[in-house]
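Participant: mmCIF, C-alpha atoms, saved as final24.cif, coming up:
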```
data_work
#
loop_
_atom_site.label_atom_id
_atom_site.label_comp_id
_atom_site.auth_asym_id
_atom_site.auth_seq_id
_atom_site.Cartn_x
_atom_site.Cartn_y
_atom_site.Cartn_z
CA MET A 1 -164.15 -115.18 -83.29
CA LYS A 2 -163.47 -114.41 -86.90
CA ARG A 3 -161.46 -116.67 -89.16
CA ILE A 4 -159.37 -113.76 -90.46
CA GLU A 5 -158.33 -112.92 -86.89
CA CYS A 6 -157.12 -116.51 -86.45
CA LEU A 7 -155.23 -116.31 -89.74
CA ARG A 8 -153.62 -113.00 -88.75
CA ALA A 9 -152.63 -114.44 -85.38
CA VAL A 10 -150.73 -117.37 -86.90
CA TYR A 11 -149.55 -115.72 -90.13
CA PRO A 12 -145.96 -115.30 -88.86
CA GLN A 13 -145.83 -119.08 -88.30
CA LEU A 14 -147.30 -119.77 -91.75
CA GLU A 15 -144.68 -117.72 -93.56
CA LYS A 16 -142.19 -120.56 -93.84
CA ARG A 17 -144.61 -123.52 -93.96
CA VAL A 18 -146.07 -125.46 -96.84
CA VAL A 19 -149.72 -124.40 -96.64
CA VAL A 20 -152.74 -125.84 -98.47
CA THR A 21 -156.13 -124.17 -98.09
CA ILE A 22 -159.62 -124.83 -99.36
CA MET A 23 -161.48 -122.43 -101.61
CA GLY A 24 -163.78 -119.68 -100.43
CA ALA A 25 -163.29 -117.51 -97.38
CA VAL A 26 -160.05 -119.14 -96.19
CA ALA A 27 -158.35 -118.60 -99.55
CA ILE A 28 -159.63 -115.04 -99.95
CA GLU A 29 -158.71 -113.99 -96.43
CA LEU A 30 -155.25 -115.53 -96.46
CA GLN A 31 -154.52 -113.81 -99.78
CA ALA A 32 -155.82 -110.54 -98.31
CA ILE A 33 -153.30 -110.84 -95.48
CA GLY A 34 -150.54 -111.66 -97.96
CA HIS A 35 -149.96 -114.33 -100.57
CA ARG A 36 -146.70 -116.25 -100.49
CA PRO A 37 -145.19 -118.81 -102.91
CA ASN A 38 -145.57 -121.51 -100.24
CA PHE A 39 -149.39 -121.11 -100.09
CA PHE A 40 -151.66 -123.17 -102.36
CA TYR A 41 -155.40 -122.49 -102.55
CA LEU A 42 -157.37 -125.47 -103.81
CA GLN A 43 -160.10 -123.68 -105.76
CA HIS A 44 -162.40 -126.69 -106.22
CA ALA A 45 -162.32 -130.44 -105.55
CA MET A 46 -163.98 -129.91 -102.18
CA GLY A 47 -162.70 -132.21 -99.50
CA LEU A 48 -159.30 -132.92 -100.99
CA ALA A 49 -157.12 -130.22 -99.40
CA SER A 50 -156.11 -132.69 -96.68
CA SER A 51 -155.43 -135.44 -99.25
CA ILE A 52 -153.11 -133.05 -101.11
CA GLY A 53 -151.54 -132.28 -97.75
CA LEU A 54 -150.96 -135.98 -97.18
CA GLY A 55 -149.33 -136.40 -100.61
CA LEU A 56 -147.07 -133.44 -99.79
CA ALA A 57 -146.35 -134.76 -96.29
CA VAL A 58 -145.07 -138.15 -97.44
CA SER A 59 -143.05 -136.50 -100.22
CA LEU A 60 -141.53 -133.77 -98.00
CA PRO A 61 -141.01 -135.56 -94.68
CA GLU A 62 -138.73 -132.80 -93.35
CA GLN A 63 -141.46 -130.18 -93.72
CA LYS A 64 -144.50 -129.51 -91.57
CA ILE A 65 -147.55 -129.29 -93.83
CA VAL A 66 -150.38 -127.00 -92.73
CA VAL A 67 -153.84 -127.74 -94.13
CA LEU A 68 -156.49 -125.03 -93.65
CA ASP A 69 -159.78 -126.86 -94.16
CA GLY A 70 -163.45 -126.12 -93.55
CA ASP A 71 -166.37 -128.01 -92.04
CA GLY A 72 -168.27 -128.42 -95.32
CA SER A 73 -165.15 -129.58 -97.15
CA LEU A 74 -164.12 -132.05 -94.47
CA LEU A 75 -167.64 -133.50 -94.27
CA MET A 76 -167.26 -134.42 -97.96
CA ASN A 77 -164.17 -136.51 -97.22
CA LEU A 78 -164.33 -137.78 -93.65
CA GLY A 79 -162.37 -140.88 -94.70
CA THR A 80 -159.32 -138.64 -95.01
CA LEU A 81 -159.08 -138.62 -91.21
CA SER A 82 -158.62 -142.38 -90.85
CA THR A 83 -156.39 -142.42 -93.95
CA MET A 84 -154.09 -139.77 -92.48
CA ALA A 85 -154.18 -141.30 -88.99
CA HIS A 86 -152.94 -144.65 -90.30
CA SER A 87 -150.67 -143.39 -93.09
CA GLY A 88 -147.60 -143.09 -90.89
CA ALA A 89 -147.35 -139.36 -91.74
CA SER A 90 -146.83 -137.25 -88.64
CA ASN A 91 -145.94 -133.91 -90.23
CA ILE A 92 -149.41 -132.47 -90.84
CA VAL A 93 -151.26 -129.80 -88.91
CA HIS A 94 -154.87 -130.08 -90.05
CA VAL A 95 -156.90 -127.01 -89.09
CA VAL A 96 -160.64 -126.89 -89.70
CA PHE A 97 -162.34 -123.51 -89.60
CA ASP A 98 -165.82 -124.59 -88.57
CA ASN A 99 -168.39 -121.89 -89.38
CA GLN A 100 -171.29 -124.39 -89.51
CA SER A 101 -172.08 -123.24 -93.03
CA TYR A 102 -171.50 -123.79 -96.74
CA LEU A 103 -170.73 -120.09 -96.73
CA SER A 104 -169.28 -119.60 -100.20
CA ALA A 105 -172.03 -121.74 -101.73
CA GLY A 106 -174.95 -119.71 -100.39
CA GLY A 107 -174.78 -120.15 -96.63
CA SER A 108 -176.81 -123.32 -96.02
CA PRO A 109 -176.02 -124.96 -92.68
CA THR A 110 -173.66 -127.94 -92.49
CA ALA A 111 -174.15 -130.87 -90.14
CA THR A 112 -171.91 -129.18 -87.54
CA ALA A 113 -174.72 -126.64 -87.08
CA GLN A 114 -176.78 -129.62 -85.86
CA GLY A 115 -174.07 -130.81 -83.51
CA ALA A 116 -171.82 -133.04 -85.64
CA ASP A 117 -168.50 -133.07 -83.80
CA LEU A 118 -165.53 -133.03 -86.16
CA GLU A 119 -162.94 -133.16 -83.38
CA GLY A 120 -164.72 -136.26 -82.06
CA VAL A 121 -164.60 -137.86 -85.51
CA ALA A 122 -160.88 -137.06 -85.81
CA ARG A 123 -160.13 -138.50 -82.38
CA ALA A 124 -162.15 -141.64 -83.05
CA SER A 125 -160.37 -142.01 -86.40
CA GLY A 126 -157.05 -142.29 -84.61
CA ILE A 127 -155.51 -138.81 -85.00
CA PRO A 128 -153.16 -138.65 -82.00
CA ASN A 129 -153.47 -134.91 -81.20
CA THR A 130 -156.84 -133.20 -81.43
CA GLY A 131 -158.09 -129.93 -80.06
CA SER A 132 -160.51 -127.09 -80.54
CA ALA A 133 -160.47 -123.36 -79.99
CA ARG A 134 -163.15 -120.75 -79.36
CA SER A 135 -160.94 -117.69 -78.91
CA VAL A 136 -158.04 -116.31 -80.95
CA GLU A 137 -155.70 -116.79 -77.99
CA GLU A 138 -156.71 -120.45 -77.64
CA PHE A 139 -156.23 -120.96 -81.35
CA GLN A 140 -152.82 -119.30 -81.38
CA THR A 141 -151.62 -121.45 -78.46
CA ALA A 142 -153.01 -124.68 -79.90
CA PHE A 143 -151.54 -123.94 -83.34
CA ALA A 144 -148.10 -123.18 -81.89
CA SER A 145 -148.04 -126.46 -79.96
CA ALA A 146 -149.24 -128.33 -83.07
CA LEU A 147 -146.25 -126.97 -85.01
CA ASP A 148 -143.93 -128.11 -82.21
CA SER A 149 -145.50 -131.55 -81.96
CA SER A 150 -143.96 -134.57 -83.65
CA ASN A 151 -147.44 -136.05 -84.08
CA LEU A 152 -150.28 -135.49 -86.48
CA THR A 153 -152.56 -132.75 -85.16
CA PHE A 154 -156.19 -131.92 -85.89
CA LEU A 155 -157.53 -128.62 -84.66
CA VAL A 156 -161.05 -127.20 -84.96
CA ALA A 157 -161.39 -123.42 -84.79
CA HIS A 158 -165.02 -122.47 -84.16
CA VAL A 159 -165.48 -119.28 -86.15
CA ASP A 160 -168.32 -116.90 -87.03
CA THR A 161 -170.44 -117.51 -90.10
CA SER A 162 -169.08 -114.51 -91.93
CA GLY A 163 -166.65 -113.98 -94.74
CA PRO A 164 -165.64 -111.82 -97.68
CA SER A 165 -168.08 -110.29 -100.14
CA ASP A 166 -166.34 -111.60 -103.26
CA TRP A 167 -164.84 -115.01 -104.07
CA LEU A 168 -162.35 -114.12 -106.79
CA THR A 169 -158.86 -112.70 -106.60
CA ASP A 170 -156.41 -111.76 -109.33
CA LEU A 171 -154.13 -114.73 -108.56
CA GLY A 172 -154.48 -117.20 -111.42
CA LEU A 173 -155.11 -120.82 -110.46
CA LEU A 174 -152.29 -122.14 -112.61
CA GLU A 175 -149.94 -119.34 -111.59
CA ASN A 176 -150.52 -120.37 -107.97
CA ARG A 177 -150.14 -124.09 -108.76
CA PHE A 178 -146.83 -123.77 -110.63
CA GLN A 179 -145.34 -121.23 -108.24
CA PHE A 180 -146.23 -123.49 -105.31
CA ALA A 181 -144.82 -126.57 -107.03
CA ARG A 182 -141.56 -124.76 -107.74
CA HIS A 183 -141.34 -123.79 -104.09
CA CYS A 184 -142.05 -127.35 -102.87
CA GLN A 185 -139.54 -128.82 -105.30
CA SER A 186 -136.86 -126.41 -104.10
CA LEU A 187 -137.53 -127.69 -100.56
CA ALA A 188 -137.29 -131.29 -101.77
CA ARG A 189 -133.84 -130.63 -103.27
CA ARG A 190 -132.43 -129.19 -100.05
CA MET B 191 -159.56 -168.38 -110.91
CA PRO B 192 -156.74 -167.01 -108.73
CA VAL B 193 -155.06 -163.65 -109.25
CA SER B 194 -151.69 -164.02 -110.98
CA GLU B 195 -148.89 -163.66 -108.43
CA THR B 196 -146.37 -163.63 -111.28
CA ASN B 197 -147.95 -160.71 -113.09
CA SER B 198 -148.69 -158.90 -109.84
CA ARG B 199 -144.95 -159.14 -109.08
CA LEU B 200 -144.15 -157.88 -112.56
CA LEU B 201 -146.46 -154.92 -112.04
CA HIS B 202 -144.78 -154.13 -108.71
CA GLN B 203 -141.32 -154.36 -110.33
CA THR B 204 -142.51 -152.15 -113.18
CA LEU B 205 -143.67 -149.43 -110.78
CA LYS B 206 -140.25 -149.54 -109.12
CA ALA B 207 -138.41 -149.46 -112.43
CA CYS B 208 -140.43 -146.40 -113.42
CA GLY B 209 -139.32 -144.55 -110.29
CA ILE B 210 -142.70 -144.52 -108.57
CA GLN B 211 -142.20 -143.81 -104.87
CA VAL B 212 -145.72 -143.03 -103.67
CA VAL B 213 -148.70 -145.32 -104.31
CA SER B 214 -152.21 -144.75 -103.04
CA ALA B 215 -154.59 -147.64 -103.27
CA LEU B 216 -157.94 -149.05 -102.39
CA PRO B 217 -157.98 -152.83 -102.43
CA GLU B 218 -159.98 -154.78 -104.93
CA SER B 219 -159.56 -158.54 -105.24
CA TRP B 220 -157.42 -158.33 -108.41
CA LEU B 221 -155.15 -155.75 -106.73
CA VAL B 222 -154.67 -157.48 -103.38
CA PRO B 223 -151.35 -159.26 -104.24
CA VAL B 224 -149.70 -156.21 -105.85
CA ILE B 225 -150.82 -153.96 -102.99
CA ARG B 226 -149.37 -156.50 -100.52
CA MET B 227 -146.04 -156.51 -102.43
CA ILE B 228 -145.92 -152.71 -102.48
CA GLY B 229 -146.76 -152.64 -98.76
CA ASP B 230 -143.80 -154.95 -98.09
CA ASP B 231 -141.44 -152.78 -100.18
CA PRO B 232 -139.62 -150.14 -98.10
CA GLY B 233 -138.77 -148.26 -101.31
CA ILE B 234 -142.39 -147.32 -102.03
CA ARG B 235 -144.67 -145.39 -99.69
CA LEU B 236 -148.10 -147.05 -99.75
CA ILE B 237 -151.09 -145.05 -98.58
CA ARG B 238 -154.27 -147.06 -98.07
CA VAL B 239 -157.28 -144.81 -98.66
CA ALA B 240 -160.93 -145.09 -97.65
CA LYS B 241 -162.29 -143.74 -100.96
CA GLU B 242 -160.67 -143.39 -104.37
CA GLU B 243 -161.18 -139.61 -104.55
CA GLU B 244 -158.43 -139.31 -101.95
CA CYS B 245 -155.98 -140.89 -104.40
CA VAL B 246 -156.35 -137.93 -106.76
CA GLY B 247 -155.45 -135.51 -103.96
CA ILE B 248 -152.53 -137.63 -102.75
CA SER B 249 -151.11 -137.98 -106.27
CA ALA B 250 -151.48 -134.24 -106.81
CA GLY B 251 -149.59 -133.50 -103.60
CA ALA B 252 -146.83 -135.93 -104.50
CA HIS B 253 -146.49 -134.52 -108.02
CA ILE B 254 -146.35 -130.94 -106.74
CA ALA B 255 -143.52 -132.00 -104.43
CA GLY B 256 -141.69 -133.58 -107.37
CA MET B 257 -142.34 -137.25 -106.61
CA LYS B 258 -143.51 -139.87 -109.07
CA SER B 259 -146.68 -141.51 -107.88
CA ALA B 260 -149.41 -143.88 -108.97
CA MET B 261 -152.87 -144.85 -107.87
CA LEU B 262 -154.21 -148.38 -107.89
CA VAL B 263 -157.99 -148.57 -107.98
CA PRO B 264 -160.79 -150.65 -109.47
CA ASN B 265 -162.84 -149.15 -112.30
CA HIS B 266 -165.78 -148.48 -109.98
CA GLY B 267 -163.30 -146.46 -107.92
CA PHE B 268 -162.34 -144.53 -111.04
CA LEU B 269 -166.05 -143.76 -111.47
CA ALA B 270 -166.10 -142.49 -107.88
CA ALA B 271 -163.10 -140.24 -108.58
CA VAL B 272 -164.45 -138.51 -111.70
CA ASN B 273 -165.12 -135.18 -109.96
CA PRO B 274 -161.60 -134.75 -108.54
CA ILE B 275 -160.10 -135.88 -111.84
CA VAL B 276 -161.98 -133.03 -113.54
CA SER B 277 -161.88 -130.42 -110.79
CA LEU B 278 -158.34 -131.06 -109.58
CA ALA B 279 -156.22 -132.95 -112.11
CA HIS B 280 -157.69 -131.29 -115.20
CA LEU B 281 -158.27 -127.86 -113.65
CA TYR B 282 -154.74 -127.68 -112.24
CA LYS B 283 -152.95 -129.62 -115.00
CA VAL B 284 -151.62 -132.39 -112.79
CA PRO B 285 -150.28 -135.52 -114.52
CA MET B 286 -151.31 -138.78 -112.86
CA MET B 287 -150.77 -142.47 -113.39
CA MET B 288 -154.05 -144.25 -112.78
CA PHE B 289 -153.78 -148.04 -112.73
CA ILE B 290 -157.35 -149.28 -112.97
CA ALA B 291 -158.48 -152.89 -112.49
CA TYR B 292 -160.74 -153.32 -115.51
CA ARG B 293 -163.53 -155.35 -113.93
CA GLY B 294 -166.66 -156.42 -115.76
CA THR B 295 -165.03 -157.35 -119.06
CA PHE B 296 -164.70 -160.71 -120.88
CA GLY B 297 -163.87 -163.45 -118.42
CA ASP B 298 -165.34 -161.75 -115.36
CA THR B 299 -168.11 -163.88 -113.80
CA TYR B 300 -169.38 -161.40 -111.20
CA PRO B 301 -172.61 -159.63 -112.27
CA TRP B 302 -172.04 -156.58 -110.05
CA HIS B 303 -168.90 -155.63 -111.96
CA THR B 304 -170.52 -155.65 -115.40
CA PRO B 305 -172.11 -152.15 -115.48
CA GLY B 306 -168.74 -150.56 -114.69
CA GLY B 307 -167.10 -152.68 -117.36
CA THR B 308 -169.32 -151.30 -120.09
CA VAL B 309 -168.87 -147.60 -119.22
CA THR B 310 -165.17 -147.43 -118.33
CA GLU B 311 -163.72 -146.82 -121.80
CA PRO B 312 -166.54 -144.53 -123.02
CA LEU B 313 -166.09 -142.45 -119.86
CA LEU B 314 -162.30 -142.25 -120.31
CA GLN B 315 -162.93 -141.07 -123.86
CA THR B 316 -165.50 -138.49 -122.73
CA LEU B 317 -163.05 -137.17 -120.18
CA ARG B 318 -160.30 -137.07 -122.86
CA ILE B 319 -158.11 -139.24 -120.66
CA PRO B 320 -155.41 -140.99 -122.70
CA TYR B 321 -155.42 -144.70 -121.85
CA THR B 322 -154.03 -148.05 -122.81
CA ILE B 323 -155.09 -151.59 -122.00
CA LEU B 324 -152.52 -153.80 -120.32
CA ASP B 325 -153.63 -157.31 -121.23
CA SER B 326 -150.33 -159.20 -121.24
CA PRO B 327 -146.98 -159.10 -119.46
CA GLU B 328 -145.23 -158.41 -122.79
CA SER B 329 -143.22 -155.16 -122.71
CA LEU B 330 -145.11 -153.98 -119.63
CA GLU B 331 -142.36 -151.63 -118.47
CA ARG B 332 -142.06 -150.02 -121.90
CA ARG B 333 -145.81 -149.36 -121.99
CA VAL B 334 -145.90 -147.90 -118.48
CA ARG B 335 -142.89 -145.68 -119.24
CA ASP B 336 -144.59 -144.46 -122.41
CA ALA B 337 -147.73 -143.62 -120.42
CA GLN B 338 -145.61 -141.71 -117.89
CA ALA B 339 -143.93 -139.80 -120.70
CA LEU B 340 -147.26 -138.67 -122.14
CA ALA B 341 -148.69 -137.79 -118.71
CA ASP B 342 -145.68 -135.60 -117.96
CA ALA B 343 -145.64 -134.01 -121.41
CA SER B 344 -149.37 -133.27 -121.52
CA LEU B 345 -149.85 -132.58 -117.78
CA LEU B 346 -152.84 -134.91 -117.93
CA PRO B 347 -153.96 -137.88 -115.91
CA VAL B 348 -153.56 -141.08 -117.92
CA ALA B 349 -155.11 -144.50 -117.36
CA LEU B 350 -153.67 -147.99 -117.60
CA LEU B 351 -156.44 -150.55 -117.65
CA LEU B 352 -155.40 -153.81 -116.01
CA LYS B 353 -157.25 -156.48 -117.96
CA TYR B 354 -158.47 -159.91 -116.88
CA GLU B 355 -155.87 -161.67 -119.03
CA LEU B 356 -153.03 -159.87 -117.24
CA MET B 357 -154.35 -160.10 -113.69
CA MET B 358 -155.76 -163.63 -113.56
CA GLU B 359 -154.04 -167.01 -113.89
CA ALA B 360 -154.92 -168.74 -117.14
#
```
Now that the file is in, can you turn its structure into structure tokens?

Facilitator:
Amino acid sequence: MKRIECLRAVYPQLEKRVVVTIMGAVAIELQAIGHRPNFFYLQHAMGLASSIGLGLAVSLPEQKIVVLDGDGSLLMNLGTLSTMAHSGASNIVHVVFDNQSYLSAGGSPTATAQGADLEGVARASGIPNTGSARSVEEFQTAFASALDSSNLTFLVAHVDTSGPSDWLTDLGLLENRFQFARHCQSLARR
Amino acid sequence: MPVSETNSRLLHQTLKACGIQVVSALPESWLVPVIRMIGDDPGIRLIRVAKEEECVGISAGAHIAGMKSAMLVPNHGFLAAVNPIVSLAHLYKVPMMMFIAYRGTFGDTYPWHTPGGTVTEPLLQTLRIPYTILDSPESLERRVRDAQALADASLLPVALLLKYELMMEA
């Protein structure tokens, strides 16, 4: 399955959520479907999208935070899984699009191409809900139940090693950051 | 030489007085008492991390949501967090309060802390990170508030170096 098909399938559920993505294909494809003020694309600092998600989650406990991560990024910060699992935060849906590749950095294989099992790491780290999906339907179902769950959820979507042809969009990094912050702070005041 | 419970308590009270509600931390022997006090305080959310880089992400998330936060790390943890400081805090103009145990300076008897002690300030200067050294309990709250003011005005991470004289019993 393609990552953009997964994103399209859950886009209606993302519209009202606080969403943090990594750089590269996830950011480009989500923007191609439609940028919103509640979407933040972390265009560097690989590995930290979930840590930002955790900072948002403890600050906005009434909101469900969706983190759209990747295999290469998560492998750079595996400690985030045990940190989140034992942080007391339950309002995070952590999705990893696993394409087994550092796609936006030239396409070298990641350790998941050799069999590293990110769902297994998440489960062993203490994340209460974990799952994986190999079809768009499976992903859509798993994502919907993650949003309904009152527990922290980790979900691996196994996607093709393909993505966009360009890595830049016309959305400025700081424009995105301040627009997103304004949105989050309006939620905090409610 | 034991860690000063009195000054650890003062540091905890200072964080509270400055409105800090989210603290991420990785323990280091000088920080153990203050982290314990924060952990026992229902008014501050303590997140124990596995690696200091996470603190930069957590503080960024808290700031974006409008919360005042701080990170408590040793200077070798600051060294570990240099990339996210540059590629998240600087790139995205996110103010941060970094409380850094300044190991490897005068008084410290552990050899393994000494390399970090000699590079901490030069590295802060290279990274253009405004910093101050907290070496006594005198006017601690005033100095932390002033650091917060500059961080918020400049949208920069700032560092408060917790010195031996503050953290250890005489």

Participant: Using all atoms listed in the file, can you tell me which of A:Leu155, A:Ile65, A:Leu173, A:Ala122 comes closest to chain B?

Facilitator: A:Leu173

Participant: With all atoms listed in the file as the basis for distance, which of B:Ile237, B:Leu330, B:Ala341, B:Ala349 is at the shortest distance from chain A?

Facilitator: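 That would be B:Ile237, the residue with the smallest distance to chain A.
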
Participant: Write out as number ranges by chain every residue belonging to chain B that has an atom at most 10 Å from any atom of chain A, counting all atoms listed in the file.

Facilitator: B: 211-214, 235-241, 243-259, 273-279, 281-284

Participant: Here's the selection I'm unsure about, the PyMOL selection byres ((chain B and resi 305-316) around 10); applied to the file above, which residues does it give, as a list in words?

Facilitator: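 Applying the PyMOL selection byres ((chain B and resi 305-316) around 10) to the structure shown produces Pro264, Asn265, His266, Gly267, Phe268, Leu269, Val272, Ile290, Ala291, Tyr292, Arg293, Gly294, Thr295, Phe296, Asp298, Pro301, Trp302, His303, Thr304, Leu317, Arg318, Ile319, Pro320, Tyr321, Thr322, Ile323, Val348, Ala349 and Leu351 of chain B.
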
Participant: Run the PyMOL selection byres ((chain A and resi 142-153) around 7) against the file shown and list the residues it catches, as a list in words.

Facilitator: Ser90, Asn91, Ile92, Val93, His94, Ile127, Pro128, Asn129, Thr130, Glu138, Phe139, Gln140, Thr141, Phe154 and Leu155 of chain A

Participant: Could you jot down the atom CA of Asn99 of chain A to atom CA of Asp160 of chain A separation for me, Å, one decimal place?

Facilitator: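 Value for the atom CA of Asn99 of chain A-atom CA of Asp160 of chain A distance: 5.5 Å.
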
Participant: Can you tell me, as a list of chain:residue names, what residues are no more than 12 Å from Cys6 of chain A when counting only C-alpha atoms, ignoring any on the same chain fewer than 6 positions away?

Facilitator: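 Once the nearby chain positions are removed, what remains is A:Pro12, A:Gln13, A:Leu14, A:Val26, A:Glu29, A:Leu30, A:Ile33, A:Leu68, A:Val95, A:Val96, A:Phe97, A:Ala133, A:Arg134, A:Ser135, A:Val136, A:Glu137, A:Glu138, A:Phe139, A:Gln140, A:Thr141, A:Ala142, A:Phe143, A:Val156, A:Ala157, A:His158, A:Val159, A:Asp160.
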
Participant: Mind pulling up the distance from atom CA of Val18 of chain A to atom CA of Asn38 of chain A?

Facilitator: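 We find that atom CA of Asn38 of chain A and atom CA of Val18 of chain A lie 5.2 Å from each other.
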